[in-house]
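Listing of final.pdb; format and content: PDB, N, CA and C atoms.
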```
ATOM      1  N   MET J   1       9.452   2.886  -5.884
ATOM      2  CA  MET J   1       8.153   2.680  -5.273
ATOM      3  C   MET J   1       7.909   3.788  -4.258
ATOM      4  N   LYS J   2       6.670   4.240  -4.218
ATOM      5  CA  LYS J   2       6.256   5.242  -3.241
ATOM      6  C   LYS J   2       5.060   4.671  -2.486
ATOM      7  N   VAL J   3       5.109   4.739  -1.157
ATOM      8  CA  VAL J   3       4.034   4.235  -0.304
ATOM      9  C   VAL J   3       3.215   5.412   0.197
ATOM     10  N   ILE J   4       1.894   5.229   0.177
ATOM     11  CA  ILE J   4       0.970   6.278   0.618
ATOM     12  C   ILE J   4       0.011   5.669   1.622
ATOM     13  N   VAL J   5      -0.247   6.387   2.705
ATOM     14  CA  VAL J   5      -1.227   5.932   3.693
ATOM     15  C   VAL J   5      -2.268   7.023   3.917
ATOM     16  N   ASP J   6      -3.456   6.594   4.268
ATOM     17  CA  ASP J   6      -4.526   7.517   4.635
ATOM     18  C   ASP J   6      -4.853   7.259   6.100
ATOM     19  N   GLN J   7      -4.293   8.078   6.977
ATOM     20  CA  GLN J   7      -4.504   7.888   8.416
ATOM     21  C   GLN J   7      -5.968   8.030   8.798
ATOM     22  N   ASN J   8      -6.741   8.798   8.052
ATOM     23  CA  ASN J   8      -8.164   8.965   8.354
ATOM     24  C   ASN J   8      -8.962   7.704   8.073
ATOM     25  N   GLN J   9      -8.451   6.871   7.179
ATOM     26  CA  GLN J   9      -9.137   5.636   6.813
ATOM     27  C   GLN J   9      -8.665   4.445   7.662
ATOM     28  N   CYS J  10      -7.509   4.558   8.287
ATOM     29  CA  CYS J  10      -6.896   3.478   9.059
ATOM     30  C   CYS J  10      -7.783   3.064  10.240
ATOM     31  N   VAL J  11      -7.877   1.733  10.457
ATOM     32  CA  VAL J  11      -8.657   1.207  11.584
ATOM     33  C   VAL J  11      -7.760   0.595  12.664
ATOM     34  N   ALA J  12      -6.457   0.829  12.573
ATOM     35  CA  ALA J  12      -5.486   0.446  13.598
ATOM     36  C   ALA J  12      -5.388  -1.057  13.834
ATOM     37  N   SER J  13      -5.501  -1.849  12.770
ATOM     38  CA  SER J  13      -5.401  -3.306  12.935
ATOM     39  C   SER J  13      -3.959  -3.769  13.119
ATOM     40  N   GLY J  14      -3.010  -3.007  12.620
ATOM     41  CA  GLY J  14      -1.601  -3.344  12.797
ATOM     42  C   GLY J  14      -1.062  -4.369  11.816
ATOM     43  N   GLN J  15      -1.851  -4.784  10.848
ATOM     44  CA  GLN J  15      -1.395  -5.783   9.886
ATOM     45  C   GLN J  15      -0.205  -5.276   9.070
ATOM     46  N   CYS J  16      -0.185  -3.992   8.773
ATOM     47  CA  CYS J  16       0.922  -3.421   8.004
ATOM     48  C   CYS J  16       2.226  -3.502   8.779
ATOM     49  N   VAL J  17       2.163  -3.264  10.070
ATOM     50  CA  VAL J  17       3.356  -3.308  10.913
ATOM     51  C   VAL J  17       3.881  -4.742  10.992
ATOM     52  N   LEU J  18       2.990  -5.703  11.094
ATOM     53  CA  LEU J  18       3.405  -7.106  11.128
ATOM     54  C   LEU J  18       4.051  -7.525   9.809
ATOM     55  N   ALA J  19       3.532  -7.010   8.686
ATOM     56  CA  ALA J  19       4.052  -7.375   7.368
ATOM     57  C   ALA J  19       5.380  -6.675   7.061
ATOM     58  N   THR J  20       5.496  -5.400   7.448
ATOM     59  CA  THR J  20       6.672  -4.605   7.074
ATOM     60  C   THR J  20       7.020  -3.612   8.181
ATOM     61  N   PRO J  21       7.606  -4.103   9.266
ATOM     62  CA  PRO J  21       7.894  -3.208  10.402
ATOM     63  C   PRO J  21       8.900  -2.104  10.101
ATOM     64  N   GLY J  22       9.704  -2.237   9.083
ATOM     65  CA  GLY J  22      10.652  -1.186   8.737
ATOM     66  C   GLY J  22      10.033  -0.039   7.972
ATOM     67  N   VAL J  23       8.787  -0.226   7.511
ATOM     68  CA  VAL J  23       8.116   0.796   6.719
ATOM     69  C   VAL J  23       6.959   1.418   7.491
ATOM     70  N   PHE J  24       6.291   0.606   8.317
ATOM     71  CA  PHE J  24       5.107   1.065   9.042
ATOM     72  C   PHE J  24       5.293   0.927  10.549
ATOM     73  N   ASP J  25       4.635   1.801  11.276
ATOM     74  CA  ASP J  25       4.554   1.730  12.734
ATOM     75  C   ASP J  25       3.147   2.192  13.095
ATOM     76  N   GLN J  26       2.858   2.214  14.384
ATOM     77  CA  GLN J  26       1.559   2.683  14.859
ATOM     78  C   GLN J  26       1.755   3.713  15.953
ATOM     79  N   ARG J  27       0.839   4.706  15.975
ATOM     80  CA  ARG J  27       0.881   5.707  17.038
ATOM     81  C   ARG J  27       0.538   5.036  18.360
ATOM     82  N   GLU J  28       1.246   5.430  19.391
ATOM     83  CA  GLU J  28       1.024   4.868  20.733
ATOM     84  C   GLU J  28      -0.403   5.112  21.234
ATOM     85  N   GLU J  29      -0.910   6.321  21.017
ATOM     86  CA  GLU J  29      -2.185   6.707  21.622
ATOM     87  C   GLU J  29      -3.408   6.034  21.014
ATOM     88  N   ASP J  30      -3.357   5.714  19.706
ATOM     89  CA  ASP J  30      -4.571   5.156  19.095
ATOM     90  C   ASP J  30      -4.316   4.040  18.082
ATOM     91  N   GLY J  31      -3.060   3.700  17.834
ATOM     92  CA  GLY J  31      -2.738   2.600  16.933
ATOM     93  C   GLY J  31      -2.820   2.913  15.451
ATOM     94  N   ILE J  32      -3.077   4.159  15.105
ATOM     95  CA  ILE J  32      -3.184   4.552  13.697
ATOM     96  C   ILE J  32      -1.813   4.416  13.027
ATOM     97  N   VAL J  33      -1.827   4.006  11.766
ATOM     98  CA  VAL J  33      -0.599   3.777  11.008
ATOM     99  C   VAL J  33       0.277   5.026  10.939
ATOM    100  N   VAL J  34       1.584   4.792  11.029
ATOM    101  CA  VAL J  34       2.587   5.828  10.832
ATOM    102  C   VAL J  34       3.519   5.303   9.739
ATOM    103  N   LEU J  35       3.714   6.076   8.702
ATOM    104  CA  LEU J  35       4.605   5.706   7.603
ATOM    105  C   LEU J  35       6.015   6.143   7.973
ATOM    106  N   LEU J  36       6.917   5.181   8.104
ATOM    107  CA  LEU J  36       8.289   5.481   8.504
ATOM    108  C   LEU J  36       9.142   5.933   7.326
ATOM    109  N   THR J  37       8.868   5.410   6.154
ATOM    110  CA  THR J  37       9.592   5.813   4.956
ATOM    111  C   THR J  37       8.663   5.742   3.754
ATOM    112  N   GLU J  38       8.572   6.821   3.039
ATOM    113  CA  GLU J  38       7.702   6.906   1.871
ATOM    114  C   GLU J  38       8.275   6.132   0.680
ATOM    115  N   THR J  39       9.599   6.005   0.639
ATOM    116  CA  THR J  39      10.257   5.304  -0.462
ATOM    117  C   THR J  39      11.180   4.221   0.094
ATOM    118  N   PRO J  40      10.610   3.080   0.480
ATOM    119  CA  PRO J  40      11.422   1.999   1.042
ATOM    120  C   PRO J  40      12.317   1.366  -0.019
ATOM    121  N   PRO J  41      13.347   0.644   0.416
ATOM    122  CA  PRO J  41      14.236  -0.027  -0.538
ATOM    123  C   PRO J  41      13.480  -1.057  -1.379
ATOM    124  N   GLU J  42      13.970  -1.296  -2.577
ATOM    125  CA  GLU J  42      13.320  -2.214  -3.509
ATOM    126  C   GLU J  42      13.162  -3.626  -2.937
ATOM    127  N   ASP J  43      14.071  -4.046  -2.060
ATOM    128  CA  ASP J  43      13.970  -5.404  -1.518
ATOM    129  C   ASP J  43      12.758  -5.575  -0.597
ATOM    130  N   LEU J  44      12.075  -4.487  -0.260
ATOM    131  CA  LEU J  44      10.868  -4.572   0.568
ATOM    132  C   LEU J  44       9.580  -4.484  -0.249
ATOM    133  N   THR J  45       9.699  -4.445  -1.576
ATOM    134  CA  THR J  45       8.521  -4.291  -2.429
ATOM    135  C   THR J  45       7.476  -5.364  -2.165
ATOM    136  N   ASP J  46       7.880  -6.626  -2.113
ATOM    137  CA  ASP J  46       6.913  -7.704  -1.882
ATOM    138  C   ASP J  46       6.264  -7.589  -0.504
ATOM    139  N   ASP J  47       7.039  -7.182   0.497
ATOM    140  CA  ASP J  47       6.483  -7.010   1.844
ATOM    141  C   ASP J  47       5.472  -5.868   1.879
ATOM    142  N   VAL J  48       5.761  -4.786   1.173
ATOM    143  CA  VAL J  48       4.823  -3.655   1.120
ATOM    144  C   VAL J  48       3.545  -4.080   0.392
ATOM    145  N   ARG J  49       3.686  -4.831  -0.703
ATOM    146  CA  ARG J  49       2.501  -5.342  -1.398
ATOM    147  C   ARG J  49       1.648  -6.187  -0.454
ATOM    148  N   GLN J  50       2.302  -6.990   0.373
ATOM    149  CA  GLN J  50       1.577  -7.814   1.349
ATOM    150  C   GLN J  50       0.851  -6.930   2.353
ATOM    151  N   ALA J  51       1.488  -5.864   2.803
ATOM    152  CA  ALA J  51       0.844  -4.936   3.738
ATOM    153  C   ALA J  51      -0.381  -4.294   3.104
ATOM    154  N   VAL J  52      -0.267  -3.916   1.828
ATOM    155  CA  VAL J  52      -1.406  -3.344   1.104
ATOM    156  C   VAL J  52      -2.548  -4.356   1.072
ATOM    157  N   ALA J  53      -2.223  -5.603   0.768
ATOM    158  CA  ALA J  53      -3.243  -6.648   0.669
ATOM    159  C   ALA J  53      -3.898  -6.955   2.014
ATOM    160  N   LEU J  54      -3.135  -6.852   3.080
ATOM    161  CA  LEU J  54      -3.649  -7.199   4.404
ATOM    162  C   LEU J  54      -4.443  -6.088   5.077
ATOM    163  N   CYS J  55      -4.306  -4.869   4.618
ATOM    164  CA  CYS J  55      -4.970  -3.740   5.273
ATOM    165  C   CYS J  55      -6.494  -3.861   5.138
ATOM    166  N   PRO J  56      -7.207  -4.068   6.242
ATOM    167  CA  PRO J  56      -8.663  -4.245   6.158
ATOM    168  C   PRO J  56      -9.405  -2.972   5.757
ATOM    169  N   ALA J  57      -8.781  -1.826   5.953
ATOM    170  CA  ALA J  57      -9.431  -0.555   5.633
ATOM    171  C   ALA J  57      -8.998  -0.007   4.265
ATOM    172  N   GLN J  58      -8.104  -0.716   3.594
ATOM    173  CA  GLN J  58      -7.540  -0.248   2.320
ATOM    174  C   GLN J  58      -6.990   1.171   2.454
ATOM    175  N   ALA J  59      -6.296   1.392   3.552
ATOM    176  CA  ALA J  59      -5.740   2.713   3.850
ATOM    177  C   ALA J  59      -4.309   2.873   3.353
ATOM    178  N   ILE J  60      -3.780   1.834   2.699
ATOM    179  CA  ILE J  60      -2.404   1.868   2.208
ATOM    180  C   ILE J  60      -2.420   1.527   0.730
ATOM    181  N   TRP J  61      -1.656   2.258  -0.034
ATOM    182  CA  TRP J  61      -1.455   1.890  -1.428
ATOM    183  C   TRP J  61      -0.050   2.281  -1.826
ATOM    184  N   MET J  62       0.367   1.803  -2.992
ATOM    185  CA  MET J  62       1.714   2.094  -3.448
ATOM    186  C   MET J  62       1.706   2.440  -4.922
ATOM    187  N   GLU J  63       2.628   3.294  -5.290
ATOM    188  CA  GLU J  63       2.862   3.645  -6.686
ATOM    189  C   GLU J  63       4.239   3.113  -7.032
ATOM    190  N   GLU J  64       4.319   2.433  -8.156
ATOM    191  CA  GLU J  64       5.608   1.918  -8.585
ATOM    192  C   GLU J  64       6.098   2.723  -9.766
ATOM    193  N   GLU J  65       7.410   2.690 -10.018
ATOM    194  CA  GLU J  65       7.974   3.409 -11.157
ATOM    195  C   GLU J  65       7.271   2.947 -12.415
ATOM    196  N   GLY J  66       6.985   3.875 -13.282
ATOM    197  CA  GLY J  66       6.301   3.541 -14.520
ATOM    198  C   GLY J  66       4.810   3.754 -14.432
ATOM    199  N   ASP J  67       4.251   3.906 -13.220
ATOM    200  CA  ASP J  67       2.832   4.207 -13.097
ATOM    201  C   ASP J  67       2.599   5.612 -13.628
ATOM    202  N   LYS J  68       1.584   5.766 -14.443
ATOM    203  CA  LYS J  68       1.255   7.074 -14.994
ATOM    204  C   LYS J  68      -0.217   7.347 -14.744
ATOM    205  N   VAL J  69      -0.523   8.583 -14.432
ATOM    206  CA  VAL J  69      -1.917   8.963 -14.217
ATOM    207  C   VAL J  69      -2.516   9.324 -15.564
ATOM    208  N   ASP J  70      -3.663   8.688 -15.901
ATOM    209  CA  ASP J  70      -4.314   9.008 -17.166
ATOM    210  C   ASP J  70      -5.261  10.190 -16.991
ATOM    211  N   GLU J  71      -5.971  10.543 -18.037
ATOM    212  CA  GLU J  71      -6.824  11.732 -18.012
ATOM    213  C   GLU J  71      -7.945  11.646 -16.982
ATOM    214  N   GLN J  72      -8.399  10.444 -16.658
ATOM    215  CA  GLN J  72      -9.473  10.281 -15.686
ATOM    216  C   GLN J  72      -8.939  10.206 -14.255
ATOM    217  N   GLY J  73      -7.624  10.289 -14.087
ATOM    218  CA  GLY J  73      -7.039  10.233 -12.755
ATOM    219  C   GLY J  73      -6.693   8.827 -12.320
ATOM    220  N   ALA J  74      -6.930   7.831 -13.182
ATOM    221  CA  ALA J  74      -6.572   6.459 -12.853
ATOM    222  C   ALA J  74      -5.083   6.268 -13.129
ATOM    223  N   VAL J  75      -4.476   5.384 -12.389
ATOM    224  CA  VAL J  75      -3.055   5.151 -12.545
ATOM    225  C   VAL J  75      -2.841   3.937 -13.432
ATOM    226  N   GLU J  76      -2.134   4.150 -14.559
ATOM    227  CA  GLU J  76      -1.803   3.040 -15.440
ATOM    228  C   GLU J  76      -0.760   2.176 -14.752
ATOM    229  N   GLY J  77      -0.894   0.867 -14.893
ATOM    230  CA  GLY J  77       0.077  -0.042 -14.308
ATOM    231  C   GLY J  77      -0.213  -0.363 -12.859
ATOM    232  N   GLU J  78      -1.149   0.325 -12.260
ATOM    233  CA  GLU J  78      -1.491   0.059 -10.865
ATOM    234  C   GLU J  78      -2.645  -0.911 -10.848
ATOM    235  N   GLY J  79      -2.569  -1.895 -10.001
ATOM    236  CA  GLY J  79      -3.629  -2.878  -9.927
ATOM    237  C   GLY J  79      -4.064  -3.099  -8.501
ATOM    238  N   MET J  80      -5.060  -3.902  -8.360
ATOM    239  CA  MET J  80      -5.536  -4.272  -7.044
ATOM    240  C   MET J  80      -4.733  -5.482  -6.581
ATOM    241  N   VAL J  81      -4.477  -5.586  -5.302
ATOM    242  CA  VAL J  81      -3.779  -6.732  -4.743
ATOM    243  C   VAL J  81      -4.817  -7.634  -4.114
ATOM    244  N   ASP J  82      -4.831  -8.905  -4.536
ATOM    245  CA  ASP J  82      -5.823  -9.827  -3.989
ATOM    246  C   ASP J  82      -5.369 -10.383  -2.648
ATOM    247  N   GLU J  83      -6.180 -11.262  -2.053
ATOM    248  CA  GLU J  83      -5.902 -11.789  -0.723
ATOM    249  C   GLU J  83      -4.591 -12.554  -0.645
ATOM    250  N   GLN J  84      -4.131 -13.121  -1.755
ATOM    251  CA  GLN J  84      -2.884 -13.877  -1.775
ATOM    252  C   GLN J  84      -1.680 -12.990  -2.060
ATOM    253  N   GLY J  85      -1.893 -11.693  -2.252
ATOM    254  CA  GLY J  85      -0.809 -10.763  -2.501
ATOM    255  C   GLY J  85      -0.468 -10.614  -3.972
ATOM    256  N   ALA J  86      -1.257 -11.242  -4.857
ATOM    257  CA  ALA J  86      -1.008 -11.115  -6.291
ATOM    258  C   ALA J  86      -1.624  -9.820  -6.793
ATOM    259  N   VAL J  87      -0.959  -9.193  -7.744
ATOM    260  CA  VAL J  87      -1.458  -7.939  -8.306
ATOM    261  C   VAL J  87      -2.286  -8.255  -9.537
ATOM    262  N   GLU J  88      -3.496  -7.763  -9.556
ATOM    263  CA  GLU J  88      -4.370  -7.901 -10.717
ATOM    264  C   GLU J  88      -4.415  -6.550 -11.399
ATOM    265  N   GLU J  89      -3.875  -6.490 -12.589
ATOM    266  CA  GLU J  89      -3.809  -5.226 -13.306
ATOM    267  C   GLU J  89      -5.211  -4.790 -13.723
ATOM    268  N   LYS J  90      -5.387  -3.490 -13.852
ATOM    269  CA  LYS J  90      -6.664  -2.958 -14.318
ATOM    270  C   LYS J  90      -6.966  -3.557 -15.678
ATOM    271  N   GLY J  91      -8.187  -3.966 -15.869
ATOM    272  CA  GLY J  91      -8.598  -4.523 -17.141
ATOM    273  C   GLY J  91      -8.448  -6.034 -17.205
ATOM    274  N   ASP J  92      -7.764  -6.657 -16.231
ATOM    275  CA  ASP J  92      -7.662  -8.109 -16.200
ATOM    276  C   ASP J  92      -9.016  -8.686 -15.887
ATOM    277  N   LYS J  93      -9.410  -9.685 -16.603
ATOM    278  CA  LYS J  93     -10.676 -10.361 -16.363
ATOM    279  C   LYS J  93     -10.379 -11.796 -15.991
ATOM    280  N   GLN J  94     -11.084 -12.302 -14.996
ATOM    281  CA  GLN J  94     -10.892 -13.694 -14.593
ATOM    282  C   GLN J  94     -12.152 -14.458 -14.749
TER     283      GLN J  94
END
```
Before we go any further, please render this structure as structure tokens.
Amino acid sequence: MKVIVDQNQCVASGQCVLATPGVFDQREEDGIVVLLTETPPEDLTDDVRQAVALCPAQAIWMEEEGDKVDEQGAVEGEGMVDEQGAVEEKGDKQ
């Protein structure tokens, strides 16, 4: 798994730090997210997914092994995480 953050999009809510303090921190001066490790251990995967789901600015996302970028730049196997932390794969209809 690889974690990616967009500091320009971050609104400094701190939800990521509460969900996964070993992966995320915040800058002292403005509270913007700081990524402590781009490739956290596998046992933190569910916690990172929760951080992605909780981020109000959608400034955090993750790539998992097996994700492939298609011709349009979309990532196969990557889905949106809903409010409950469940992953909805692209193309899933409810």
Using the chain letters and numbering of this document, enumerate as a ChimeraX atom specification the residues selected by the PyMOL selection byres ((chain J and resi 52) around 8).
/J:15-16,19,46-51,53-56,58-62,81-82,85
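Straight-line separation from atom CA of Asp30 of chain J to atom CA of Ala12 of chain J: 7.3 Å.
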When you draw a straight line from atom C of Glu38 of chain J to atom CA of Val17 of chain J, how long is it in Å?
14.8 Å
Leaving out Glu64 of chain J and any residue of its chain fewer than 2 positions from it, which residues lie within 6.5 Å of it when counting all atoms listed in the file, given as a PDB file with N, CA and C atoms, in the frame of the given file?
```
ATOM      1  N   MET J   1       9.452   2.886  -5.884  1.00  0.00           N
ATOM      2  CA  MET J   1       8.153   2.680  -5.273  1.00  0.00           C
ATOM      3  C   MET J   1       7.909   3.788  -4.258  1.00  0.00           C
ATOM      4  N   LYS J   2       6.670   4.240  -4.218  1.00  0.00           N
ATOM      5  CA  LYS J   2       6.256   5.242  -3.241  1.00  0.00           C
ATOM      6  C   LYS J   2       5.060   4.671  -2.486  1.00  0.00           C
ATOM      7  N   MET J  62       0.367   1.803  -2.992  1.00  0.00           N
ATOM      8  CA  MET J  62       1.714   2.094  -3.448  1.00  0.00           C
ATOM      9  C   MET J  62       1.706   2.440  -4.922  1.00  0.00           C
ATOM     10  N   GLY J  66       6.985   3.875 -13.282  1.00  0.00           N
ATOM     11  CA  GLY J  66       6.301   3.541 -14.520  1.00  0.00           C
ATOM     12  C   GLY J  66       4.810   3.754 -14.432  1.00  0.00           C
ATOM     13  N   ASP J  67       4.251   3.906 -13.220  1.00  0.00           N
ATOM     14  CA  ASP J  67       2.832   4.207 -13.097  1.00  0.00           C
ATOM     15  C   ASP J  67       2.599   5.612 -13.628  1.00  0.00           C
TER      16      ASP J  67
END
```
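Here atom CA of Gln9 of chain J is placed at a distance of 6.3 Å from atom CA of Ala57 of chain J.
Each of J:Val23, J:Cys10, J:Leu18, J:Val5 was checked against Thr45 of chain J using only C-alpha atoms; the smallest atom-to-atom distance is that of J:Val23.
Selection around (-4.4, 2.4, 10.6) with radius 6.5 Å, counting all atoms listed in the file, yields the residues Gln7, Gln9, Cys10, Val11, Ala12, Ser13, Gly14, Gly31, Ile32, Val33 and Val34 of chain J.
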Kindly compute an axis-aligned box around the listed atoms of segment 17-32 of chain J, allowing 4 Å on each side, and express its centre and edge lengths in Å to one decimal as AutoDock Vina command-line options.
```
--center_x 3.0 --center_y -0.4 --center_z 14.2 --size_x 23.2 --size_y 22.2 --size_z 22.9
```
In segment 6-55 of chain J, DSSP strand (DSSP E or B) residues written as a PyMOL selection string:
chain J and resi 24-26+33-35
Include N, CA and C atoms and write out the residues we just selected as a PDB file, in the coordinates of the input.
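The result, stored in result_25.pdb:
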```pdb
ATOM      1  N   PHE J  24       6.291   0.606   8.317  1.00  0.00           N
ATOM      2  CA  PHE J  24       5.107   1.065   9.042  1.00  0.00           C
ATOM      3  C   PHE J  24       5.293   0.927  10.549  1.00  0.00           C
ATOM      4  N   ASP J  25       4.635   1.801  11.276  1.00  0.00           N
ATOM      5  CA  ASP J  25       4.554   1.730  12.734  1.00  0.00           C
ATOM      6  C   ASP J  25       3.147   2.192  13.095  1.00  0.00           C
ATOM      7  N   GLN J  26       2.858   2.214  14.384  1.00  0.00           N
ATOM      8  CA  GLN J  26       1.559   2.683  14.859  1.00  0.00           C
ATOM      9  C   GLN J  26       1.755   3.713  15.953  1.00  0.00           C
ATOM     10  N   VAL J  33      -1.827   4.006  11.766  1.00  0.00           N
ATOM     11  CA  VAL J  33      -0.599   3.777  11.008  1.00  0.00           C
ATOM     12  C   VAL J  33       0.277   5.026  10.939  1.00  0.00           C
ATOM     13  N   VAL J  34       1.584   4.792  11.029  1.00  0.00           N
ATOM     14  CA  VAL J  34       2.587   5.828  10.832  1.00  0.00           C
ATOM     15  C   VAL J  34       3.519   5.303   9.739  1.00  0.00           C
ATOM     16  N   LEU J  35       3.714   6.076   8.702  1.00  0.00           N
ATOM     17  CA  LEU J  35       4.605   5.706   7.603  1.00  0.00           C
ATOM     18  C   LEU J  35       6.015   6.143   7.973  1.00  0.00           C
TER      19      LEU J  35
END
```
Pick out the closest residue to Glu63 of chain J from this set: J:Val3, J:Leu36, J:Leu44, J:Glu29. Count only C-alpha atoms.
J:Val3
